[in-house]
>>> print(open('query.tsv').read())   # TSV, C-alpha atoms
chain	number	residue	atom	x	y	z
Z	344	MET	CA	5.87	28.48	67.58
Z	345	MET	CA	4.19	27.20	70.71
Z	346	PRO	CA	4.18	23.42	71.15
Z	347	THR	CA	0.37	23.33	71.10
Z	348	VAL	CA	0.23	24.90	67.62
Z	349	ASP	CA	2.72	22.38	66.27
Z	350	SER	CA	1.02	19.36	67.78
Z	351	ALA	CA	-2.46	20.40	66.69
Z	352	ALA	CA	-1.16	21.01	63.18
Z	353	GLU	CA	0.74	17.72	63.10
Z	354	LYS	CA	-2.33	15.86	64.31
Z	355	TYR	CA	-4.43	17.42	61.57
Z	356	LEU	CA	-1.84	16.65	58.90
Z	357	ALA	CA	-1.50	13.07	60.14
Z	358	GLN	CA	-5.25	12.65	59.86
Z	359	LEU	CA	-5.23	14.16	56.39
Z	360	ARG	CA	-2.39	11.86	55.32
Z	361	SER	CA	-4.34	8.88	56.55
Z	362	GLU	CA	-7.49	9.96	54.72
Z	363	LEU	CA	-5.46	10.47	51.54
Z	364	ARG	CA	-4.04	6.96	51.50
Z	365	SER	CA	-6.19	5.85	48.61
Z	366	ALA	CA	-5.34	8.87	46.47
Z	367	PRO	CA	-2.47	8.73	43.94
Z	368	ARG	CA	0.79	9.16	45.85
Z	369	SER	CA	2.10	12.29	44.11
Z	370	THR	CA	-1.29	14.01	44.36
Z	371	ALA	CA	-1.47	13.23	48.07
Z	372	GLU	CA	2.03	14.56	48.70
Z	373	THR	CA	1.28	17.78	46.81
Z	374	ILE	CA	-1.90	18.37	48.78
Z	375	LEU	CA	-0.16	17.64	52.10
Z	376	ALA	CA	2.69	20.01	51.25
Z	377	ASP	CA	0.25	22.74	50.24
Z	378	VAL	CA	-1.89	22.34	53.36
Z	379	ARG	CA	1.20	22.34	55.58
Z	380	ALA	CA	2.38	25.56	53.92
Z	381	HIS	CA	-1.12	27.00	54.32
Z	382	ILE	CA	-1.07	26.29	58.06
Z	383	ASP	CA	2.46	27.69	58.46
Z	384	GLU	CA	1.68	30.88	56.56
Z	385	ALA	CA	-1.69	31.48	58.19
Z	386	THR	CA	-0.36	31.04	61.74
Z	387	ALA	CA	2.64	33.25	60.87
Z	388	ASP	CA	0.13	35.88	59.76
Z	389	GLY	CA	-1.33	35.77	63.24
Z	390	ARG	CA	-4.37	33.55	62.90
Z	391	SER	CA	-4.95	31.08	65.73
Z	392	ILE	CA	-4.28	27.46	64.91
Z	393	ASP	CA	-7.82	26.47	65.80
Z	394	ASP	CA	-9.17	29.11	63.45
Z	395	VAL	CA	-6.89	27.92	60.64
Z	396	LEU	CA	-7.80	24.25	61.05
Z	397	ALA	CA	-11.49	25.10	61.27
Z	398	GLY	CA	-11.15	27.12	58.08
Z	399	LEU	CA	-9.50	24.21	56.32
Z	400	GLY	CA	-12.33	21.91	57.26
Z	401	ASP	CA	-12.69	18.20	57.82
Z	402	PRO	CA	-9.68	16.19	56.50
Z	403	ALA	CA	-12.09	13.50	55.33
Z	404	ALA	CA	-13.88	16.03	53.13
Z	405	ILE	CA	-10.60	17.21	51.61
Z	406	ALA	CA	-9.54	13.64	50.91
Z	407	ALA	CA	-12.92	12.82	49.39
Z	408	ASP	CA	-12.38	15.59	46.86
Z	409	ALA	CA	-8.91	14.27	46.10
Z	410	VAL	CA	-9.84	10.64	45.57
Z	411	GLY	CA	-12.54	11.34	43.05
Z	412	GLY	CA	-15.51	12.66	44.89
Z	413	GLY	CA	-16.49	16.26	44.41
Z	414	VAL	CA	-16.92	17.71	40.97
Z	415	PRO	CA	-14.28	16.43	38.57
Z	416	THR	CA	-12.78	19.13	36.39
Z	417	GLU	CA	-14.02	19.14	32.84
Z	418	ALA	CA	-11.00	17.48	31.26
Z	419	HIS	CA	-11.20	14.56	33.67
Z	420	THR	CA	-14.78	13.49	32.90
Z	421	ALA	CA	-14.16	13.76	29.21
Z	422	HIS	CA	-11.28	11.29	29.46
Z	423	ASP	CA	-13.31	8.84	31.54
Z	424	ARG	CA	-16.03	8.92	28.91
Z	425	ASP	CA	-13.67	8.62	25.96
Z	426	GLU	CA	-11.79	5.67	27.33
Z	427	GLN	CA	-14.81	3.50	27.97
Z	428	LEU	CA	-16.31	4.38	24.57
Z	429	VAL	CA	-13.06	3.81	22.69
Z	430	LEU	CA	-12.62	0.39	24.25
Z	431	ALA	CA	-16.28	-0.46	23.60
Z	432	ALA	CA	-16.03	0.61	19.95
Z	433	ILE	CA	-12.87	-1.40	19.32
Z	434	ALA	CA	-14.41	-4.37	21.13
Z	435	ALA	CA	-17.52	-4.16	18.94
Z	436	VAL	CA	-15.46	-4.14	15.73
Z	437	VAL	CA	-13.32	-7.06	16.86
Z	438	GLY	CA	-16.48	-8.80	18.03
Z	439	LEU	CA	-18.06	-8.50	14.60
Z	440	ILE	CA	-14.95	-9.85	12.88
Z	441	THR	CA	-14.82	-12.70	15.40
Z	442	ALA	CA	-18.47	-13.53	14.89
Z	443	THR	CA	-18.02	-13.62	11.12
Z	444	ILE	CA	-15.02	-15.90	11.34
Z	445	ALA	CA	-16.61	-18.13	13.95
Z	446	SER	CA	-19.84	-18.66	12.09
Z	447	PHE	CA	-18.87	-18.70	8.48
Z	448	PHE	CA	-15.30	-19.80	8.28
Z	449	THR	CA	-14.17	-21.91	11.15
Z	450	PRO	CA	-14.77	-25.60	10.94
Z	451	VAL	CA	-16.64	-27.00	13.90
Z	452	SER	CA	-13.81	-29.20	14.99
Z	453	VAL	CA	-10.09	-29.09	14.51
Z	454	LEU	CA	-10.33	-32.10	12.24
Z	455	GLY	CA	-12.16	-30.05	9.67
Z	456	GLY	CA	-15.61	-30.72	8.47
Z	457	ASP	CA	-18.63	-28.55	8.14
Z	458	ARG	CA	-18.61	-24.92	9.13
Z	459	ALA	CA	-20.52	-24.15	12.27
Z	460	VAL	CA	-23.29	-22.46	10.36
Z	461	ASP	CA	-23.73	-25.42	8.07
Z	462	GLN	CA	-24.01	-27.84	10.92
Z	463	PHE	CA	-26.08	-25.87	13.39
Z	464	GLY	CA	-27.81	-23.30	11.32
Z	465	LEU	CA	-28.24	-19.59	11.69
Z	466	ALA	CA	-28.76	-19.89	15.44
Z	467	VAL	CA	-25.02	-20.29	15.83
Z	468	ALA	CA	-24.40	-17.17	13.81
Z	469	LEU	CA	-26.70	-15.27	16.14
Z	470	LEU	CA	-24.98	-16.69	19.19
Z	471	ALA	CA	-21.61	-15.73	17.77
Z	472	ALA	CA	-22.90	-12.21	17.15
Z	473	LEU	CA	-24.06	-11.86	20.75
Z	474	PRO	CA	-20.68	-10.74	22.13
Z	475	ALA	CA	-20.41	-8.03	19.47
Z	476	VAL	CA	-23.88	-6.74	20.37
Z	477	ALA	CA	-23.14	-6.92	24.10
Z	478	VAL	CA	-19.88	-4.97	23.91
Z	479	ALA	CA	-21.51	-2.37	21.66
Z	480	ALA	CA	-24.25	-1.74	24.24
Z	481	PRO	CA	-22.20	0.71	26.35
Z	482	LEU	CA	-21.93	2.94	23.28
Z	483	VAL	CA	-25.65	3.67	23.47
Z	484	THR	CA	-26.17	3.38	27.20
Z	485	PRO	CA	-26.60	6.56	29.27
Z	486	ARG	CA	-23.47	7.39	31.23
Z	487	ARG	CA	-24.91	6.35	34.58
Z	488	PHE	CA	-25.35	2.77	33.43
Z	489	ARG	CA	-22.29	2.52	31.25
Z	490	THR	CA	-20.07	0.66	33.69
Z	491	LEU	CA	-22.92	-1.74	34.44
Z	492	SER	CA	-23.56	-2.46	30.76
Z	493	ALA	CA	-19.83	-2.90	30.20
Z	494	ALA	CA	-19.74	-5.43	33.04
Z	495	VAL	CA	-22.73	-7.31	31.61
Z	496	ALA	CA	-20.97	-7.37	28.23
Z	497	ALA	CA	-17.76	-8.77	29.72
Z	498	VAL	CA	-19.67	-11.54	31.51
Z	499	THR	CA	-21.65	-12.34	28.35
Z	500	VAL	CA	-18.52	-12.72	26.27
Z	501	THR	CA	-16.92	-14.91	28.92
Z	502	ILE	CA	-19.95	-17.20	28.94
Z	503	VAL	CA	-19.90	-17.47	25.15
Z	504	ILE	CA	-16.25	-18.53	25.32
Z	505	ALA	CA	-17.21	-21.34	27.66
Z	506	LEU	CA	-19.87	-22.66	25.27
Z	507	PRO	CA	-18.47	-25.34	22.97
Z	508	VAL	CA	-20.33	-24.40	19.85
Z	509	ALA	CA	-19.55	-20.90	18.73
Z	510	GLY	CA	-15.77	-21.05	18.29
Z	511	GLY	CA	-15.06	-20.09	21.89
Z	512	LEU	CA	-11.34	-19.37	21.94
Z	513	LEU	CA	-11.73	-17.00	19.03
Z	514	PHE	CA	-13.54	-14.62	21.35
Z	515	ILE	CA	-10.62	-14.16	23.68
Z	516	PRO	CA	-9.58	-10.81	22.14
Z	517	VAL	CA	-13.15	-9.50	22.51
Z	518	ALA	CA	-13.17	-10.72	26.10
Z	519	MET	CA	-9.90	-8.92	26.83
Z	520	LEU	CA	-11.28	-5.67	25.44
Z	521	ALA	CA	-14.60	-6.11	27.23
Z	522	TRP	CA	-13.01	-6.73	30.64
Z	523	ALA	CA	-10.57	-3.86	30.11
Z	524	SER	CA	-13.43	-1.45	29.45
Z	525	VAL	CA	-14.82	-2.35	32.87
Z	526	VAL	CA	-11.65	-2.70	34.92
Z	527	VAL	CA	-9.42	0.09	33.63
Z	528	PRO	CA	-11.72	3.08	34.29
Z	529	LEU	CA	-12.50	1.70	37.76
Z	530	TRP	CA	-8.80	1.16	38.46
Z	531	ARG	CA	-8.01	4.69	37.41
Z	532	ARG	CA	-10.84	6.23	39.39
Z	533	SER	CA	-9.74	4.43	42.52
Z	534	GLY	CA	-6.38	6.09	42.16
Z	535	ARG	CA	-4.42	2.86	42.60
Z	536	GLY	CA	-0.82	2.57	41.50
Z	537	THR	CA	0.04	3.97	38.13
Z	538	ARG	CA	3.32	2.11	38.47
Z	539	VAL	CA	1.59	-1.23	38.96
Z	540	TRP	CA	-0.55	-0.66	35.89
Z	541	ARG	CA	2.46	0.28	33.77
Z	542	ALA	CA	4.43	-2.74	34.94
Z	543	LEU	CA	1.55	-5.08	34.08
Z	544	ALA	CA	1.09	-3.42	30.70
Z	545	ALA	CA	4.81	-3.72	29.95
Z	546	ILE	CA	4.79	-7.43	30.82
Z	547	ALA	CA	1.75	-7.98	28.62
Z	548	VAL	CA	3.46	-6.17	25.73
Z	549	LEU	CA	6.52	-8.38	26.20
Z	550	ALA	CA	4.56	-11.64	26.54
Z	551	PRO	CA	3.95	-12.38	22.86
Z	552	ALA	CA	7.62	-11.73	22.09
Z	553	LEU	CA	8.66	-14.08	24.87
Z	554	ALA	CA	6.29	-16.71	23.52
Z	555	TYR	CA	7.91	-16.25	20.12
Z	556	LEU	CA	11.36	-16.70	21.65
Z	557	GLY	CA	10.13	-19.79	23.41
Z	558	GLY	CA	8.89	-21.15	20.11
Z	559	MET	CA	12.25	-20.52	18.52
Z	560	ALA	CA	14.10	-22.13	21.40
Z	561	SER	CA	12.00	-25.26	21.23
Z	562	GLY	CA	12.51	-25.46	17.49
Z	563	ALA	CA	8.85	-25.10	16.65
Z	564	ILE	CA	9.50	-21.78	14.92
Z	565	LEU	CA	12.38	-21.21	12.58
Z	566	VAL	CA	14.85	-18.59	13.63
Z	567	GLY	CA	14.80	-15.71	11.23
Z	568	ILE	CA	14.73	-11.97	10.84
Z	569	MET	CA	11.03	-11.67	11.62
Z	570	PRO	CA	11.02	-13.19	15.12
Z	571	VAL	CA	14.14	-11.28	16.14
Z	572	ALA	CA	12.72	-8.02	14.81
Z	573	ILE	CA	9.46	-8.66	16.64
Z	574	THR	CA	11.30	-9.31	19.90
Z	575	VAL	CA	13.35	-6.14	19.60
Z	576	VAL	CA	10.29	-4.02	18.84
Z	577	ALA	CA	8.36	-5.60	21.72
Z	578	LEU	CA	11.24	-4.91	24.10
Z	579	GLY	CA	11.43	-1.28	23.05
Z	580	LEU	CA	7.66	-0.93	23.38
Z	581	ALA	CA	7.67	-2.55	26.81
Z	582	VAL	CA	10.27	-0.09	28.08
Z	583	ALA	CA	8.35	2.86	26.64
Z	584	VAL	CA	5.12	1.58	28.22
Z	585	LEU	CA	6.89	1.16	31.55
Z	586	LEU	CA	7.98	4.79	31.34
Z	587	GLY	CA	4.44	5.84	30.56
Z	588	ARG	CA	5.18	7.33	27.16
Z	589	ARG	CA	1.94	8.02	25.35
Z	590	PRO	CA	3.29	7.26	21.82
Z	591	ALA	CA	4.03	3.74	23.05
Z	592	TYR	CA	0.32	3.12	23.50
Z	593	VAL	CA	-0.46	4.52	20.06
Z	594	ILE	CA	2.10	2.17	18.50
Z	595	THR	CA	0.83	-0.77	20.54
Z	596	LEU	CA	-2.71	-0.07	19.39
Z	597	ALA	CA	-1.56	0.16	15.76
Z	598	LEU	CA	0.45	-3.07	15.98
Z	599	GLY	CA	-2.56	-4.76	17.56
Z	600	ALA	CA	-4.75	-3.70	14.65
Z	601	VAL	CA	-2.14	-4.89	12.14
Z	602	ALA	CA	-1.74	-8.25	13.87
Z	603	THR	CA	-5.49	-8.77	14.18
Z	604	LEU	CA	-6.36	-7.85	10.62
Z	605	GLY	CA	-3.22	-9.48	9.27
Z	606	SER	CA	-4.04	-12.78	10.88
Z	607	VAL	CA	-7.53	-12.65	9.37
Z	608	PHE	CA	-6.48	-11.84	5.83
Z	609	ASP	CA	-3.36	-13.95	5.79
Z	610	PRO	CA	-4.03	-16.82	8.14
Z	611	GLY	CA	-1.24	-19.28	8.59
Z	612	LEU	CA	-0.29	-21.88	11.13
Z	613	LEU	CA	0.19	-19.13	13.69
Z	614	PHE	CA	-3.23	-17.57	13.04
Z	615	LEU	CA	-4.47	-18.03	16.58
Z	616	ALA	CA	-1.23	-16.74	18.08
Z	617	PHE	CA	-1.32	-13.51	16.05
Z	618	TRP	CA	-5.06	-13.18	16.63
Z	619	TRP	CA	-4.64	-13.34	20.40
Z	620	ALA	CA	-1.49	-11.19	20.45
Z	621	GLY	CA	-3.31	-8.65	18.28
Z	622	GLY	CA	-6.21	-8.58	20.72
Z	623	LEU	CA	-3.84	-8.16	23.66
Z	624	TYR	CA	-2.04	-5.24	22.01
Z	625	LEU	CA	-5.33	-3.60	21.02
Z	626	THR	CA	-6.45	-3.84	24.63
Z	627	ILE	CA	-3.28	-2.40	26.13
Z	628	GLY	CA	-2.99	0.35	23.54
Z	629	ALA	CA	-6.60	1.47	23.90
Z	630	SER	CA	-6.50	1.26	27.71
Z	631	GLY	CA	-3.33	3.27	27.95
Z	632	LEU	CA	-4.56	6.01	25.64
Z	633	GLY	CA	-7.75	6.55	27.57
Z	634	GLY	CA	-6.56	8.06	30.80
Z	635	ARG	CA	-4.06	10.77	31.48
Z	636	SER	CA	-3.30	9.66	34.97
Z	637	VAL	CA	-2.77	6.05	33.97
Z	638	GLY	CA	-0.44	6.29	31.05
Z	639	VAL	CA	1.11	9.72	31.20
Z	640	PRO	CA	3.08	11.20	34.05
Z	641	ARG	CA	2.75	14.96	34.55
W	1470	MET	CA	-27.54	30.75	56.19
W	1471	THR	CA	-29.71	27.79	56.94
W	1472	SER	CA	-28.26	24.38	56.16
W	1473	ALA	CA	-30.49	24.14	53.08
W	1474	ASP	CA	-29.05	27.43	51.84
W	1475	ASP	CA	-25.59	26.04	52.60
W	1476	LYS	CA	-26.26	23.07	50.35
W	1477	ILE	CA	-27.42	25.23	47.47
W	1478	ALA	CA	-24.43	27.53	47.82
W	1479	THR	CA	-22.00	24.61	48.10
W	1480	ASN	CA	-23.28	22.98	44.95
W	1481	ILE	CA	-23.16	26.16	42.91
W	1482	ARG	CA	-19.68	26.99	44.20
W	1483	LYS	CA	-18.42	23.53	43.30
W	1484	GLY	CA	-19.33	24.14	39.69
W	1485	VAL	CA	-17.63	27.52	39.37
W	1486	LEU	CA	-14.73	27.26	41.82
W	1487	GLU	CA	-12.09	26.16	39.33
W	1488	PHE	CA	-12.98	29.10	37.09
W	1489	CYS	CA	-12.82	31.52	39.98
W	1490	VAL	CA	-9.36	30.17	40.77
W	1491	LEU	CA	-8.32	30.63	37.14
W	1492	ALA	CA	-9.73	34.16	37.07
W	1493	LEU	CA	-7.72	35.08	40.16
W	1494	LEU	CA	-4.53	33.51	38.80
W	1495	VAL	CA	-4.88	35.32	35.48
W	1496	GLU	CA	-4.51	38.56	37.44
W	1497	ARG	CA	-1.28	37.42	39.06
W	1498	GLU	CA	0.28	34.15	40.20
W	1499	MET	CA	-0.56	33.29	43.79
W	1500	TYR	CA	0.40	30.79	46.45
W	1501	GLY	CA	-2.07	28.59	48.31
W	1502	LEU	CA	-2.93	30.82	51.26
W	1503	GLU	CA	-3.31	33.88	49.02
W	1504	LEU	CA	-5.83	32.04	46.86
W	1505	ALA	CA	-7.65	30.74	49.91
W	1506	ASN	CA	-7.90	34.23	51.40
W	1507	GLU	CA	-9.16	35.78	48.16
W	1508	LEU	CA	-11.80	33.10	47.78
W	1509	THR	CA	-12.90	33.30	51.42
W	1510	GLU	CA	-13.15	37.12	51.25
W	1511	ARG	CA	-15.47	36.79	48.28
W	1512	GLN	CA	-17.43	34.00	50.03
W	1513	LEU	CA	-16.70	31.68	47.15
W	1514	THR	CA	-15.68	28.77	49.31
W	1515	ALA	CA	-16.93	27.42	52.61
W	1516	SER	CA	-13.86	25.30	53.35
W	1517	GLU	CA	-10.37	26.49	52.45
W	1518	GLY	CA	-9.10	22.92	52.45
W	1519	SER	CA	-11.09	21.95	49.37
W	1520	LEU	CA	-8.91	24.35	47.37
W	1521	TYR	CA	-5.91	22.02	47.49
W	1522	PRO	CA	-7.36	18.87	45.91
W	1523	LEU	CA	-8.87	21.17	43.28
W	1524	LEU	CA	-5.47	22.72	42.54
W	1525	ALA	CA	-3.94	19.24	42.35
W	1526	ARG	CA	-6.58	18.14	39.82
W	1527	MET	CA	-6.23	21.32	37.80
W	1528	ARG	CA	-2.50	20.71	37.69
W	1529	ASP	CA	-2.98	17.10	36.56
W	1530	ASN	CA	-5.32	18.31	33.83
W	1531	GLY	CA	-2.88	20.94	32.61
W	1532	LEU	CA	-4.92	23.98	33.59
W	1533	VAL	CA	-2.40	25.44	36.03
W	1534	ALA	CA	1.33	25.21	36.49
W	1535	ASP	CA	3.33	25.75	39.65
W	1536	ARG	CA	6.81	26.91	40.54
W	1537	TRP	CA	8.71	27.43	43.73
W	1538	HIS	CA	9.73	31.02	44.35
W	1539	THR	CA	11.50	32.73	47.20
W	1540	PRO	CA	10.60	36.41	47.34
W	1541	ALA	CA	13.10	38.99	48.69
W	1542	THR	CA	11.43	38.86	52.10
W	1543	GLY	CA	9.83	35.66	53.26
W	1544	ARG	CA	9.92	31.93	52.80
W	1545	ALA	CA	9.91	29.84	49.62
W	1546	ARG	CA	6.39	29.28	48.32
W	1547	ARG	CA	4.67	27.28	45.62
W	1548	TYR	CA	3.13	29.80	43.26
W	1549	TYR	CA	0.34	28.76	40.90
W	1550	SER	CA	-0.24	30.30	37.49
W	1551	PRO	CA	-2.60	29.50	34.60
W	1552	THR	CA	-1.42	27.61	31.53
W	1553	PRO	CA	-2.58	28.55	28.01
W	1554	GLU	CA	-5.13	25.75	28.28
W	1555	GLY	CA	-6.26	27.20	31.60
W	1556	ARG	CA	-6.75	30.61	30.04
W	1557	ALA	CA	-8.71	29.09	27.16
W	1558	HIS	CA	-10.78	27.09	29.65
W	1559	LEU	CA	-11.58	30.30	31.54
W	1560	ALA	CA	-12.50	32.14	28.35
W	1561	ALA	CA	-14.86	29.33	27.41
W	1562	PHE	CA	-16.48	29.52	30.84
W	1563	ALA	CA	-16.87	33.30	30.57
W	1564	ALA	CA	-18.62	32.85	27.23
W	1565	VAL	CA	-21.06	30.45	28.86
W	1566	TRP	CA	-21.47	32.24	32.17
W	1567	SER	CA	-22.38	35.65	30.77
W	1568	PRO	CA	-25.63	34.73	28.98
W	1569	LEU	CA	-26.45	31.99	31.48
W	1570	SER	CA	-26.24	34.18	34.58
W	1571	ARG	CA	-28.12	36.96	32.77
W	1572	GLN	CA	-30.95	34.58	32.01
W	1573	VAL	CA	-31.06	33.22	35.55
W	1574	SER	CA	-31.07	36.70	37.09
W	1575	ALA	CA	-33.79	37.84	34.71
W	1576	LEU	CA	-35.94	34.85	35.63
W	1577	LEU	CA	-35.48	35.51	39.32
W	1578	LYS	CA	-36.53	39.14	38.82
W	1579	GLU	CA	-39.65	37.91	37.05
W	1580	GLU	CA	-40.36	35.62	39.97
W	1581	ALA	CA	-39.99	38.38	42.55
>>> encode(input="query.tsv", output="structure tokens")
Amino acid sequence: MMPTVDSAAEKYLAQLRSELRSAPRSTAETILADVRAHIDEATADGRSIDDVLAGLGDPAAIAADAVGGGVPTEAHTAHDRDEQLVLAAIAAVVGLITATIASFFTPVSVLGGDRAVDQFGLAVALLAALPAVAVAAPLVTPRRFRTLSAAVAAVTVTIVIALPVAGGLLFIPVAMLAWASVVVPLWRRSGRGTRVWRALAAIAVLAPALAYLGGMASGAILVGIMPVAITVVALGLAVAVLLGRRPAYVITLALGAVATLGSVFDPGLLFLAFWWAGGLYLTIGASGLGGRSVGVPR
Amino acid sequence: MTSADDKIATNIRKGVLEFCVLALLVEREMYGLELANELTERQLTASEGSLYPLLARMRDNGLVADRWHTPATGRARRYYSPTPEGRAHLAAFAAVWSPLSRQVSALLKEEA
């Protein structure tokens, strides 16, 4: 091949590579390989390099299609939709449970005393219900405004946590789910590192087990079969999550539900710990199940 | 074509392009340039480059599979072929397209 063909082609490919930098790595490499082969074959067939590059079009346009512009194929949009709705639905359920506990069961202060609703009246119950209503909003919002309403919900829940009255810390699981429903779809759409996501998810899965180990080490929790079993399971899950195995997210979601509901129906000294860990696992499980490109390698 | 016509054509093509690709691949597996040539001949795509991100997405979504193959004469190439899901996806599109395009054409005749 003449030097001019090579250099024009290399220049085009370099430009395309640069435009593709925000696309998922493997996708970008596949596209670059295919375009390179296209150029090689077409010039071998006798087309002029200028003609071939003109036919391919502007590298920026190609990259725009790859990063998420253009028309997404059917399966892709469905997953985007599902994920946000699944997270919103789980958040709404957890929000309702939280609101019930916060208003009608939790004492106002750690020292005991009246329940919040006794001391402050029904207004507190309404305030406690606000996060549940907010996180349910995306379920009925038209798709264009869904991310916005999810963001509003996440901020609302965060504000409620900051208020002293309505049992703030109880809403942390709802907050986790609410923020995930905003952040995770955006993260996926931007095409940023699947590996980074999986590493973070694996650490989060491991965190409650590590906390448990810490408790055992400091003597606060008695060593026994349960804590060891929990640690082993969490380790296995974390590895599976790191590898992007879809069943891992299903199991994490299930364990989260068990921990959340278990802590409500059988509250003990560690109620808050199981409540938060349950919320964390619900969040990771639901987030991982939503997207193909996040959780599952192809 | 005027640039307004271009826009109309581009938007319509964007909606059907993946199904055109599937329809071609159902006939026989093809490599990138082959697909690009077939589509260009039928005026189904303005830019050949847009084919490749589409193929990548279709692969991620399980609609097509690819394999490397070296024919008796020639270089090794990445050949694309439809998966069962891809075939089902195409069949679903055909079921929609048939009545839809009939209706649109009929309306346009009425207009004329």
>>> closest_residue(input="query.tsv", among="Z:Gly621, Z:Gly631, Z:Gly400, Z:Pro367", to="Ala591 in chain Z", atoms="only C-alpha atoms")
Z:Gly631
>>> closest_atom_pairs(input="query.tsv", of="chain Z", to="chain W", cutoff="6 Å", atoms="all atoms listed in the file", output="JSON lines")
{"residue": "Z:Ile374", "atom": "CA", "partner": "W:Tyr1521", "partner_atom": "CA", "distance": 5.6}
{"residue": "Z:His381", "atom": "CA", "partner": "W:Leu1502", "partner_atom": "CA", "distance": 5.2}
{"residue": "Z:Gly398", "atom": "CA", "partner": "W:Glu1517", "partner_atom": "CA", "distance": 5.7}
{"residue": "Z:Leu399", "atom": "CA", "partner": "W:Gly1518", "partner_atom": "CA", "distance": 4.1}
{"residue": "Z:Gly400", "atom": "CA", "partner": "W:Ser1516", "partner_atom": "CA", "distance": 5.4}
{"residue": "Z:Ile405", "atom": "CA", "partner": "W:Ser1519", "partner_atom": "CA", "distance": 5.3}
{"residue": "Z:Ala409", "atom": "CA", "partner": "W:Pro1522", "partner_atom": "CA", "distance": 4.9}
>>> atom_distance(input="query.tsv", atom1="CA of Ala597 in chain Z", atom2="CA of Val437 in chain Z")
13.8 Å
>>> atom_distance(input="query.tsv", atom1="CA of Leu625 in chain Z", atom2="CA of Ala600 in chain Z")
6.4 Å
>>> closest_residue(input="query.tsv", among="W:Val1573, W:Leu1508, W:Trp1537, W:Tyr1549", to="Arg1482 in chain W", atoms="only C-alpha atoms")
W:Leu1508
>>> closest_residue(input="query.tsv", among="Z:Ala351, Z:Leu578, Z:Leu585, Z:Ala547", to="Trp619 in chain Z", atoms="all atoms listed in the file")
Z:Ala547
>>> atom_distance(input="query.tsv", atom1="CA of Val378 in chain Z", atom2="CA of Asp394 in chain Z")
14.2 Å
>>> residues_around(input="query.tsv", residues="range 513-528 of chain Z", least_positions_apart="2", cutoff="6 Å", atoms="all atoms listed in the file", output="PyMOL selection string")
chain Z and resi 427+430+434+438+493-494+497+500+510-511+530-531+619+622+626
>>> residues_around(input="query.tsv", residues="range 482-485 of chain Z", least_positions_apart="3", cutoff="9 Å", atoms="all atoms listed in the file", output="list in words")
Gln427, Leu428, Val429, Ala431, Ala432, Val478, Ala479, Phe488, Arg489 and Ser492 of chain Z
>>> closest_residue(input="query.tsv", among="W:Asp1475, W:Glu1507, W:Asp1535, W:Glu1496", to="Arg1556 in chain W", atoms="only C-alpha atoms")
W:Glu1496
>>> closest_residue(input="query.tsv", among="W:Ser1570, W:Ser1472, W:Leu1494, W:Ile1477", to="Ser1550 in chain W", atoms="all atoms listed in the file")
W:Leu1494
>>> decode(input="query.tsv", residues="range 552-560 of chain Z", atoms="N, CA, C and O atoms", output="JSON list (two decimals), in the first residue's frame")
[["chain", "number", "residue", "atom", "x", "y", "z"],
["Z", 552, "ALA", "N", -19.86, -7.95, 56.36],
["Z", 552, "ALA", "CA", -19.14, -9.09, 56.93],
["Z", 552, "ALA", "C", -17.90, -8.62, 57.68],
["Z", 552, "ALA", "O", -17.58, -9.11, 58.76],
["Z", 553, "LEU", "N", -17.21, -7.65, 57.10],
["Z", 553, "LEU", "CA", -16.02, -7.12, 57.76],
["Z", 553, "LEU", "C", -16.40, -6.46, 59.07],
["Z", 553, "LEU", "O", -15.68, -6.57, 60.07],
["Z", 554, "ALA", "N", -17.53, -5.74, 59.05],
["Z", 554, "ALA", "CA", -17.98, -5.10, 60.28],
["Z", 554, "ALA", "C", -18.26, -6.16, 61.35],
["Z", 554, "ALA", "O", -17.93, -5.98, 62.53],
["Z", 555, "TYR", "N", -18.87, -7.26, 60.90],
["Z", 555, "TYR", "CA", -19.16, -8.37, 61.81],
["Z", 555, "TYR", "C", -17.86, -8.92, 62.42],
["Z", 555, "TYR", "O", -17.76, -9.16, 63.61],
["Z", 556, "LEU", "N", -16.87, -9.11, 61.55],
["Z", 556, "LEU", "CA", -15.57, -9.61, 62.01],
["Z", 556, "LEU", "C", -14.97, -8.65, 63.02],
["Z", 556, "LEU", "O", -14.42, -9.04, 64.04],
["Z", 557, "GLY", "N", -15.10, -7.35, 62.70],
["Z", 557, "GLY", "CA", -14.58, -6.35, 63.61],
["Z", 557, "GLY", "C", -15.24, -6.45, 64.97],
["Z", 557, "GLY", "O", -14.59, -6.36, 66.02],
["Z", 558, "GLY", "N", -16.58, -6.67, 64.92],
["Z", 558, "GLY", "CA", -17.31, -6.80, 66.18],
["Z", 558, "GLY", "C", -16.84, -8.00, 66.97],
["Z", 558, "GLY", "O", -16.70, -7.95, 68.19],
["Z", 559, "MET", "N", -16.56, -9.09, 66.25],
["Z", 559, "MET", "CA", -16.09, -10.28, 66.96],
["Z", 559, "MET", "C", -14.72, -10.04, 67.55],
["Z", 559, "MET", "O", -14.43, -10.43, 68.69],
["Z", 560, "ALA", "N", -13.87, -9.37, 66.78],
["Z", 560, "ALA", "CA", -12.51, -9.14, 67.24],
["Z", 560, "ALA", "C", -12.49, -8.27, 68.49],
["Z", 560, "ALA", "O", -11.71, -8.50, 69.41]]
